[in-house]
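So the structure is just underneath, and the comments pick up after that.
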Amino acid sequence: MKVTDLKMTMFNWKSQNWRTGAHSFGGTVPLGIVTVTTDEGLEGHSFLGSSRQGADEFAIQLIKYLKPIVVGANPTDTGALWEKMWKLRRNVSPRPIGSVDVALWDVAAKIAGLPIFRMLGACRTSIPAYASSSFIPTPEGYAEEALKFKAMGWPAYKMHPHGVEKEDIQICTAVRKAVGEDYILMLDAMWAFQYETAMRIGRAIEELDYYWYEDPLIEEDFLSYERLRDKLDIPIMCTEYAPGGFYGMAPWVMHKATDILRGDVAVCGGITPMVRLCHLADAFRMKCEIHHGGNSLLNAANLHIMMAINNCEFYEVFPCSGANKYGLVEDIEVDSNGLVHVPEKPGLGYEIDWDLVKQEFVAEVK
């Protein structure tokens, strides 16, 4: 079997504006459907783009650099094809590389007649979800949202606060007071602080018994992460955008600059490197908490990886308002027990809403 075509269909993704800290999302952006077609008529799909960065920004990279690598190749050669694509990372973003890799895994699993997580080696079929907030103006607003998801049976809540020391401590305190001592809470500081401020906030949320402290410093501040982890007892989680992707993770582990590794199929460049990252963490008895994928079909790819590993504790629903859900007939949902379940259909197991694609069609890139 050979790949005969790689193309992208773009359609409008319309959503209300929202934000986390300095990062804004929403409006109208083109979402891309990356399609790998084989000479036996099977197709693999993934999405490219997010509600912050449209697929049009990656179209030239996809067709000029990645299509010549994939067309004519065996679609089950996911490892070899990813290595060839990754060598072009100086000219190509990890995001189109990741989307092509996911589409190849989708078609390879369909060839095998298996869901992707069983191709990878199944460990489980469900995982607890946590609610991940967007920006909310007041501490009371965060507390109300946390109580809402606690009442719905979700086991944990993570906040993206304001990036201002006193305000963030007030927010964290108000949420802990509202939900009680036993509910799991996390803080994502979104790279907002320098070492001294990050330390003070870390001390405060340690007292509040928060579960992890995510991205307090920018990724380049490696030495300060070492100092921060040495001083604090709360688990530190970073590496979401650490330079080098999978290959940049070894120093974080060896220098003990983080307690938990972080990544997803979009920023790491696909299922292939993300699975490697999870296994790297597992070799050192570390967790690798998988970040959201930026769109519905990449979230599905993340979910399949979670089902094939034993060191990711939660599925992130970001934002918990549901603003990142778009383009599928049925999306990933959290049940009344706070769990997300993986589908058993071949491939990714989710159906694209082709009627919506036709209605919001923008262009086809070949």
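Simple scheme: letters A, B, ... for chains in structure tokens order, numbers from 1 for residues in each chain, numbers from 1 for ligands in the order shown.
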
Contacts of A:Tyr130 within 9 Å, only C-alpha atoms, excl. fewer than 3 positions in-chain, as a PDB file with N, CA, C and O atoms, in the first residue's frame:
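Contents of result09.pdb, freshly written:
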ATOM      1  N   PHE A 149     -18.071  22.478  38.299  1.00  0.00           N
ATOM      2  CA  PHE A 149     -17.521  21.225  37.783  1.00  0.00           C
ATOM      3  C   PHE A 149     -17.369  20.175  38.881  1.00  0.00           C
ATOM      4  O   PHE A 149     -17.497  18.978  38.617  1.00  0.00           O
ATOM      5  N   TRP A 154     -16.628  16.119  38.093  1.00  0.00           N
ATOM      6  CA  TRP A 154     -15.264  16.191  37.583  1.00  0.00           C
ATOM      7  C   TRP A 154     -14.293  16.200  38.768  1.00  0.00           C
ATOM      8  O   TRP A 154     -14.497  16.931  39.743  1.00  0.00           O
ATOM      9  N   PRO A 155     -13.203  15.445  38.718  1.00  0.00           N
ATOM     10  CA  PRO A 155     -12.364  15.270  39.905  1.00  0.00           C
ATOM     11  C   PRO A 155     -11.358  16.371  40.182  1.00  0.00           C
ATOM     12  O   PRO A 155     -10.721  16.352  41.243  1.00  0.00           O
ATOM     13  N   ALA A 156     -11.183  17.329  39.246  1.00  0.00           N
ATOM     14  CA  ALA A 156     -10.134  18.333  39.455  1.00  0.00           C
ATOM     15  C   ALA A 156     -10.428  19.587  38.642  1.00  0.00           C
ATOM     16  O   ALA A 156     -11.141  19.543  37.627  1.00  0.00           O
ATOM     17  N   TYR A 157      -9.826  20.683  39.080  1.00  0.00           N
ATOM     18  CA  TYR A 157     -10.009  21.979  38.412  1.00  0.00           C
ATOM     19  C   TYR A 157      -8.670  22.702  38.370  1.00  0.00           C
ATOM     20  O   TYR A 157      -7.952  22.785  39.375  1.00  0.00           O
ATOM     21  N   LYS A 158      -8.314  23.221  37.179  1.00  0.00           N
ATOM     22  CA  LYS A 158      -7.082  23.995  37.013  1.00  0.00           C
ATOM     23  C   LYS A 158      -7.425  25.400  36.552  1.00  0.00           C
ATOM     24  O   LYS A 158      -8.249  25.576  35.656  1.00  0.00           O
ATOM     25  N   PHE A 314      -4.466  12.637  33.971  1.00  0.00           N
ATOM     26  CA  PHE A 314      -5.683  13.371  33.638  1.00  0.00           C
ATOM     27  C   PHE A 314      -5.763  13.703  32.153  1.00  0.00           C
ATOM     28  O   PHE A 314      -4.741  13.889  31.484  1.00  0.00           O
ATOM     29  N   TYR A 315      -7.004  13.836  31.671  1.00  0.00           N
ATOM     30  CA  TYR A 315      -7.308  14.418  30.364  1.00  0.00           C
ATOM     31  C   TYR A 315      -7.711  15.875  30.581  1.00  0.00           C
ATOM     32  O   TYR A 315      -8.603  16.153  31.389  1.00  0.00           O
ATOM     33  N   GLU A 316      -7.069  16.798  29.876  1.00  0.00           N
ATOM     34  CA  GLU A 316      -7.361  18.217  30.043  1.00  0.00           C
ATOM     35  C   GLU A 316      -8.495  18.656  29.123  1.00  0.00           C
ATOM     36  O   GLU A 316      -8.427  18.471  27.902  1.00  0.00           O
ATOM     37  N   VAL A 317      -9.529  19.262  29.708  1.00  0.00           N
ATOM     38  CA  VAL A 317     -10.599  19.880  28.928  1.00  0.00           C
ATOM     39  C   VAL A 317     -10.360  21.382  28.969  1.00  0.00           C
ATOM     40  O   VAL A 317     -10.663  22.059  29.951  1.00  0.00           O
ATOM     41  N   PHE A 318      -9.783  21.915  27.868  1.00  0.00           N
ATOM     42  CA  PHE A 318      -9.399  23.334  27.821  1.00  0.00           C
ATOM     43  C   PHE A 318      -9.990  24.011  26.584  1.00  0.00           C
ATOM     44  O   PHE A 318      -9.804  23.530  25.480  1.00  0.00           O
ATOM     45  N   CYS A 320     -12.668  24.706  29.776  1.00  0.00           N
ATOM     46  CA  CYS A 320     -13.758  23.848  30.234  1.00  0.00           C
ATOM     47  C   CYS A 320     -15.127  24.354  29.777  1.00  0.00           C
ATOM     48  O   CYS A 320     -16.119  23.637  29.878  1.00  0.00           O
ATOM     49  N   GLY A 338     -16.890  11.804  35.901  1.00  0.00           N
ATOM     50  CA  GLY A 338     -15.692  12.589  35.635  1.00  0.00           C
ATOM     51  C   GLY A 338     -14.684  11.888  34.741  1.00  0.00           C
ATOM     52  O   GLY A 338     -13.506  12.262  34.736  1.00  0.00           O
TER      53      GLY A 338
END

Item checked: For stretch 354-363 of chain A: contacts at 12 Å, only C-alpha atoms, fewer than 6 positions along chain excluded, given as a VMD selection string -> chain A and resid 7 to 14 28 to 33 54 to 56 59 326 to 329

Next item on the list: Report the distance between atom CA of A:Lys325 and atom CA of A:Ala266 in Å, rounded to one decimal place.
Entry: 15.6 Å

Check: Which one is closest to A:Arg90: A:Ala122, A:Ile260, A:Lys166, A:Gly244? Count only C-alpha atoms.
Finding: A:Gly244

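One finds atom CA of A:Pro115 at 20.7 Å from atom CA of A:Leu48.
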
Notebook entry, point to check: Which residues come within 12 Å of A:Val92, counting only C-alpha atoms, excluding same-chain residues fewer than 5 positions away, as number ranges by chain?
Noted result: A: 57-67, 84-87, 97-100, 269

Margin query: I want to know what sits within 9 Å of stretch 75-79 of chain A, based on only C-alpha atoms, with residues of the same chain fewer than 5 positions away left out; could you give that as a list of chain:residue names?
Written below: A:Met1, A:Lys2, A:Val3, A:Val36, A:Thr38, A:Val70, A:Lys84, A:Asp101, A:Leu104, A:Trp105, A:Val107, A:Ala108, A:Ala109, A:Ile111, A:Thr272

Using only N, CA and C atoms, please write the residues we just selected to a file, as a compact mmCIF listing (two decimals), in the first residue's frame.
# COMPACT_ATOMS: atom_id res chain seq x y z
N MET A 1 0.84 -1.21 0.00
CA MET A 1 0.00 0.00 0.00
C MET A 1 0.87 1.25 0.00
N LYS A 2 0.42 2.27 -0.77
CA LYS A 2 1.17 3.51 -0.86
C LYS A 2 0.25 4.72 -0.68
N VAL A 3 0.83 5.81 -0.20
CA VAL A 3 0.12 7.08 -0.14
C VAL A 3 0.11 7.69 -1.53
N VAL A 36 -4.70 12.06 4.23
CA VAL A 36 -3.76 11.16 3.56
C VAL A 36 -4.59 10.10 2.84
N THR A 38 -4.69 6.66 0.25
CA THR A 38 -3.88 5.53 -0.20
C THR A 38 -4.40 4.98 -1.52
N VAL A 70 5.73 12.21 1.96
CA VAL A 70 4.69 11.23 2.28
C VAL A 70 4.17 10.51 1.04
N LYS A 84 11.96 11.71 8.78
CA LYS A 84 12.24 12.53 7.60
C LYS A 84 11.60 13.91 7.73
N ASP A 101 1.56 13.31 10.85
CA ASP A 101 1.83 12.09 11.61
C ASP A 101 0.54 11.49 12.16
N LEU A 104 -1.37 9.82 9.37
CA LEU A 104 -0.74 8.54 9.02
C LEU A 104 -1.10 7.46 10.04
N TRP A 105 -1.09 7.80 11.32
CA TRP A 105 -1.50 6.83 12.33
C TRP A 105 -2.97 6.46 12.17
N VAL A 107 -4.73 6.30 9.34
CA VAL A 107 -4.89 5.36 8.23
C VAL A 107 -4.21 4.03 8.54
N ALA A 108 -3.08 4.05 9.23
CA ALA A 108 -2.40 2.79 9.58
C ALA A 108 -3.28 1.94 10.49
N ALA A 109 -3.95 2.58 11.44
CA ALA A 109 -4.83 1.85 12.34
C ALA A 109 -6.06 1.33 11.61
N ILE A 111 -6.04 0.39 8.48
CA ILE A 111 -5.54 -0.77 7.75
C ILE A 111 -5.55 -2.00 8.66
N THR A 272 3.93 9.99 17.16
CA THR A 272 5.21 9.29 17.23
C THR A 272 6.13 9.86 18.31

Check: Near stretch 295-301 of chain A, within 6 Å and counting only C-alpha atoms, which residues show up once chain neighbours fewer than 4 positions away are dropped, as a VMD selection string?
Finding: chain A and resid 46 to 47 50 324 to 325

Atoms to include: all heavy atoms. Write the selected residues as a short mmCIF file (atom, residue, chain, number, x, y, z; two decimals), in the first residue's frame.
data_model
loop_
_atom_site.label_atom_id
_atom_site.label_comp_id
_atom_site.auth_asym_id
_atom_site.auth_seq_id
_atom_site.Cartn_x
_atom_site.Cartn_y
_atom_site.Cartn_z
N SER A 46 -6.57 14.26 10.06
CA SER A 46 -6.30 15.00 11.29
C SER A 46 -6.69 16.44 11.05
O SER A 46 -6.97 16.84 9.91
CB SER A 46 -4.82 14.89 11.70
OG SER A 46 -4.01 15.61 10.80
N PHE A 47 -6.72 17.22 12.12
CA PHE A 47 -6.97 18.66 12.00
C PHE A 47 -5.65 19.40 12.14
O PHE A 47 -4.72 18.96 12.83
CB PHE A 47 -7.92 19.14 13.09
CG PHE A 47 -9.38 18.79 12.87
CD1 PHE A 47 -10.31 18.98 13.89
CD2 PHE A 47 -9.82 18.27 11.66
CE1 PHE A 47 -11.64 18.67 13.71
CE2 PHE A 47 -11.16 17.95 11.46
CZ PHE A 47 -12.08 18.15 12.50
N SER A 50 -5.61 26.01 15.24
CA SER A 50 -6.29 26.19 16.52
C SER A 50 -7.13 27.46 16.44
O SER A 50 -7.09 28.19 15.44
CB SER A 50 -5.26 26.33 17.65
OG SER A 50 -4.53 27.54 17.52
N ASN A 324 -13.08 24.98 22.51
CA ASN A 324 -12.18 24.33 21.56
C ASN A 324 -12.79 23.12 20.87
O ASN A 324 -12.11 22.43 20.12
CB ASN A 324 -10.88 23.90 22.26
CG ASN A 324 -9.79 24.95 22.13
OD1 ASN A 324 -9.82 25.79 21.24
ND2 ASN A 324 -8.83 24.92 23.04
N LYS A 325 -14.05 22.85 21.10
CA LYS A 325 -14.72 21.72 20.46
C LYS A 325 -15.36 22.18 19.16
O LYS A 325 -16.24 23.05 19.17
CB LYS A 325 -15.79 21.13 21.39
CG LYS A 325 -15.21 20.49 22.65
CD LYS A 325 -16.32 19.92 23.51
CE LYS A 325 -15.77 19.24 24.75
NZ LYS A 325 -16.85 18.67 25.58
#

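Running DSSP on the backbone and keeping only strand (DSSP E or B), the residues of stretch 279-325 of chain A that qualify are A:Cys288, A:Glu289, A:Ile290, A:Tyr315, A:Glu316, A:Val317.
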
Check: Leaving out A:Ala143 and any residue of its chain fewer than 3 positions from it, which residues lie within 8 Å of it when counting only C-alpha atoms, given as a VMD selection string?
Finding: chain A and resid 139 to 140 146 to 147 171 174 to 176 178 to 179

For those residues, write N, CA, C and O atoms to a file as a PDB file, in the first residue's frame.
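Result file follows (out_25.pdb):
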ATOM      1  N   PRO A 139     -11.929  36.563  41.536  1.00  0.00           N
ATOM      2  CA  PRO A 139     -11.754  35.311  42.285  1.00  0.00           C
ATOM      3  C   PRO A 139     -13.062  34.560  42.484  1.00  0.00           C
ATOM      4  O   PRO A 139     -13.100  33.327  42.424  1.00  0.00           O
ATOM      5  N   GLU A 140     -14.133  35.308  42.718  1.00  0.00           N
ATOM      6  CA  GLU A 140     -15.442  34.681  42.919  1.00  0.00           C
ATOM      7  C   GLU A 140     -15.888  33.917  41.673  1.00  0.00           C
ATOM      8  O   GLU A 140     -16.516  32.856  41.760  1.00  0.00           O
ATOM      9  N   ALA A 146     -15.321  26.439  39.559  1.00  0.00           N
ATOM     10  CA  ALA A 146     -14.793  25.231  40.192  1.00  0.00           C
ATOM     11  C   ALA A 146     -15.901  24.444  40.884  1.00  0.00           C
ATOM     12  O   ALA A 146     -15.975  23.206  40.773  1.00  0.00           O
ATOM     13  N   LEU A 147     -16.788  25.139  41.581  1.00  0.00           N
ATOM     14  CA  LEU A 147     -17.904  24.470  42.248  1.00  0.00           C
ATOM     15  C   LEU A 147     -18.836  23.813  41.244  1.00  0.00           C
ATOM     16  O   LEU A 147     -19.372  22.721  41.491  1.00  0.00           O
ATOM     17  N   ILE A 171      -7.001  34.522  43.943  1.00  0.00           N
ATOM     18  CA  ILE A 171      -7.809  33.573  43.173  1.00  0.00           C
ATOM     19  C   ILE A 171      -7.631  32.158  43.716  1.00  0.00           C
ATOM     20  O   ILE A 171      -8.611  31.433  43.959  1.00  0.00           O
ATOM     21  N   ALA A 174      -9.370  31.808  47.108  1.00  0.00           N
ATOM     22  CA  ALA A 174     -10.836  31.799  47.009  1.00  0.00           C
ATOM     23  C   ALA A 174     -11.345  30.454  46.496  1.00  0.00           C
ATOM     24  O   ALA A 174     -12.361  29.937  46.989  1.00  0.00           O
ATOM     25  N   VAL A 175     -10.660  29.883  45.516  1.00  0.00           N
ATOM     26  CA  VAL A 175     -11.106  28.595  44.965  1.00  0.00           C
ATOM     27  C   VAL A 175     -10.939  27.480  45.995  1.00  0.00           C
ATOM     28  O   VAL A 175     -11.825  26.649  46.176  1.00  0.00           O
ATOM     29  N   ARG A 176      -9.798  27.458  46.690  1.00  0.00           N
ATOM     30  CA  ARG A 176      -9.619  26.430  47.725  1.00  0.00           C
ATOM     31  C   ARG A 176     -10.679  26.539  48.807  1.00  0.00           C
ATOM     32  O   ARG A 176     -11.251  25.524  49.256  1.00  0.00           O
ATOM     33  N   ALA A 178     -13.649  27.663  48.515  1.00  0.00           N
ATOM     34  CA  ALA A 178     -14.967  27.297  47.983  1.00  0.00           C
ATOM     35  C   ALA A 178     -15.138  25.789  47.858  1.00  0.00           C
ATOM     36  O   ALA A 178     -16.188  25.241  48.205  1.00  0.00           O
ATOM     37  N   VAL A 179     -14.110  25.086  47.360  1.00  0.00           N
ATOM     38  CA  VAL A 179     -14.278  23.662  47.043  1.00  0.00           C
ATOM     39  C   VAL A 179     -13.937  22.747  48.205  1.00  0.00           C
ATOM     40  O   VAL A 179     -14.231  21.552  48.173  1.00  0.00           O
TER      41      VAL A 179
END

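Nearest to A:His162 of all the residues A:Gly72, A:Gly44, A:Gly21, A:Gly113 is A:Gly21, counting only C-alpha atoms.
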
Item checked: Backbone DSSP call of helix (DSSP H, G or I) for stretch 97-252 of chain A, listed as a ChimeraX atom specification -> /A:97-112,116-120,139-151,165-179,195-207,222-231,245-248,250-252

Check: Which residue, A:Met159, A:Ala198, A:Met286, A:Arg89, has the smallest gap to A:Pro243 when you use only C-alpha atoms?
Finding: A:Arg89

Residues at most 8 Å from stretch 199-212 of chain A, counting only C-alpha atoms, excluding those fewer than 4 positions away in the same chain, as a PDB file with N, CA and C atoms, in the first residue's frame?
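Written file, selection_7.pdb:
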ATOM      1  N   GLU A 165       0.818  38.756  40.856  1.00  0.00           N
ATOM      2  CA  GLU A 165       1.075  37.974  42.061  1.00  0.00           C
ATOM      3  C   GLU A 165      -0.067  38.017  43.076  1.00  0.00           C
ATOM      4  N   ASP A 168      -3.354  36.531  41.734  1.00  0.00           N
ATOM      5  CA  ASP A 168      -3.317  35.078  41.554  1.00  0.00           C
ATOM      6  C   ASP A 168      -3.419  34.351  42.890  1.00  0.00           C
ATOM      7  N   ILE A 169      -2.768  34.868  43.919  1.00  0.00           N
ATOM      8  CA  ILE A 169      -2.874  34.253  45.247  1.00  0.00           C
ATOM      9  C   ILE A 169      -4.294  34.384  45.784  1.00  0.00           C
ATOM     10  N   CYS A 172      -6.383  31.751  43.919  1.00  0.00           N
ATOM     11  CA  CYS A 172      -6.113  30.399  44.414  1.00  0.00           C
ATOM     12  C   CYS A 172      -6.713  30.173  45.798  1.00  0.00           C
ATOM     13  N   THR A 173      -6.653  31.199  46.637  1.00  0.00           N
ATOM     14  CA  THR A 173      -7.210  31.095  47.978  1.00  0.00           C
ATOM     15  C   THR A 173      -8.730  30.984  47.935  1.00  0.00           C
ATOM     16  N   ARG A 176      -9.798  27.458  46.690  1.00  0.00           N
ATOM     17  CA  ARG A 176      -9.619  26.430  47.725  1.00  0.00           C
ATOM     18  C   ARG A 176     -10.679  26.539  48.807  1.00  0.00           C
ATOM     19  N   GLU A 181     -11.106  21.184  51.311  1.00  0.00           N
ATOM     20  CA  GLU A 181      -9.726  20.733  51.427  1.00  0.00           C
ATOM     21  C   GLU A 181      -9.394  19.540  50.536  1.00  0.00           C
ATOM     22  N   ILE A 184      -9.097  18.323  44.194  1.00  0.00           N
ATOM     23  CA  ILE A 184      -7.824  18.527  43.513  1.00  0.00           C
ATOM     24  C   ILE A 184      -7.839  19.842  42.734  1.00  0.00           C
ATOM     25  N   LEU A 185      -6.849  20.695  43.005  1.00  0.00           N
ATOM     26  CA  LEU A 185      -6.694  21.970  42.317  1.00  0.00           C
ATOM     27  C   LEU A 185      -5.281  22.090  41.759  1.00  0.00           C
ATOM     28  N   MET A 186      -5.166  22.718  40.572  1.00  0.00           N
ATOM     29  CA  MET A 186      -3.868  22.979  39.967  1.00  0.00           C
ATOM     30  C   MET A 186      -3.798  24.442  39.542  1.00  0.00           C
ATOM     31  N   LEU A 187      -2.577  24.947  39.437  1.00  0.00           N
ATOM     32  CA  LEU A 187      -2.342  26.315  38.969  1.00  0.00           C
ATOM     33  C   LEU A 187      -1.447  26.286  37.743  1.00  0.00           C
ATOM     34  N   TYR A 195      11.834  34.377  38.831  1.00  0.00           N
ATOM     35  CA  TYR A 195      12.071  33.404  39.896  1.00  0.00           C
ATOM     36  C   TYR A 195      11.482  33.831  41.245  1.00  0.00           C
ATOM     37  N   LEU A 228      13.979  26.539  41.559  1.00  0.00           N
ATOM     38  CA  LEU A 228      12.605  26.536  42.045  1.00  0.00           C
ATOM     39  C   LEU A 228      12.195  25.141  42.501  1.00  0.00           C
ATOM     40  N   LEU A 232      10.917  24.220  46.394  1.00  0.00           N
ATOM     41  CA  LEU A 232       9.501  23.969  46.637  1.00  0.00           C
ATOM     42  C   LEU A 232       9.212  22.482  46.794  1.00  0.00           C
ATOM     43  N   ASP A 233       8.168  22.178  47.570  1.00  0.00           N
ATOM     44  CA  ASP A 233       7.707  20.800  47.716  1.00  0.00           C
ATOM     45  C   ASP A 233       6.611  20.452  46.712  1.00  0.00           C
ATOM     46  N   ILE A 234       5.818  21.443  46.269  1.00  0.00           N
ATOM     47  CA  ILE A 234       4.765  21.182  45.306  1.00  0.00           C
ATOM     48  C   ILE A 234       5.389  20.724  43.986  1.00  0.00           C
ATOM     49  N   PRO A 235       4.833  19.710  43.321  1.00  0.00           N
ATOM     50  CA  PRO A 235       5.383  19.268  42.042  1.00  0.00           C
ATOM     51  C   PRO A 235       5.342  20.384  40.992  1.00  0.00           C
ATOM     52  N   ILE A 236       6.461  20.552  40.296  1.00  0.00           N
ATOM     53  CA  ILE A 236       6.581  21.517  39.203  1.00  0.00           C
ATOM     54  C   ILE A 236       6.337  20.787  37.886  1.00  0.00           C
ATOM     55  N   MET A 237       5.573  21.416  37.007  1.00  0.00           N
ATOM     56  CA  MET A 237       5.343  20.844  35.682  1.00  0.00           C
ATOM     57  C   MET A 237       5.639  21.892  34.618  1.00  0.00           C
TER      58      MET A 237
END

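Distances from A:Val340, A:Ser51, A:Lys150, A:Arg118 to A:Gly293 were compared using only C-alpha atoms, and the smallest one belongs to A:Ser51.
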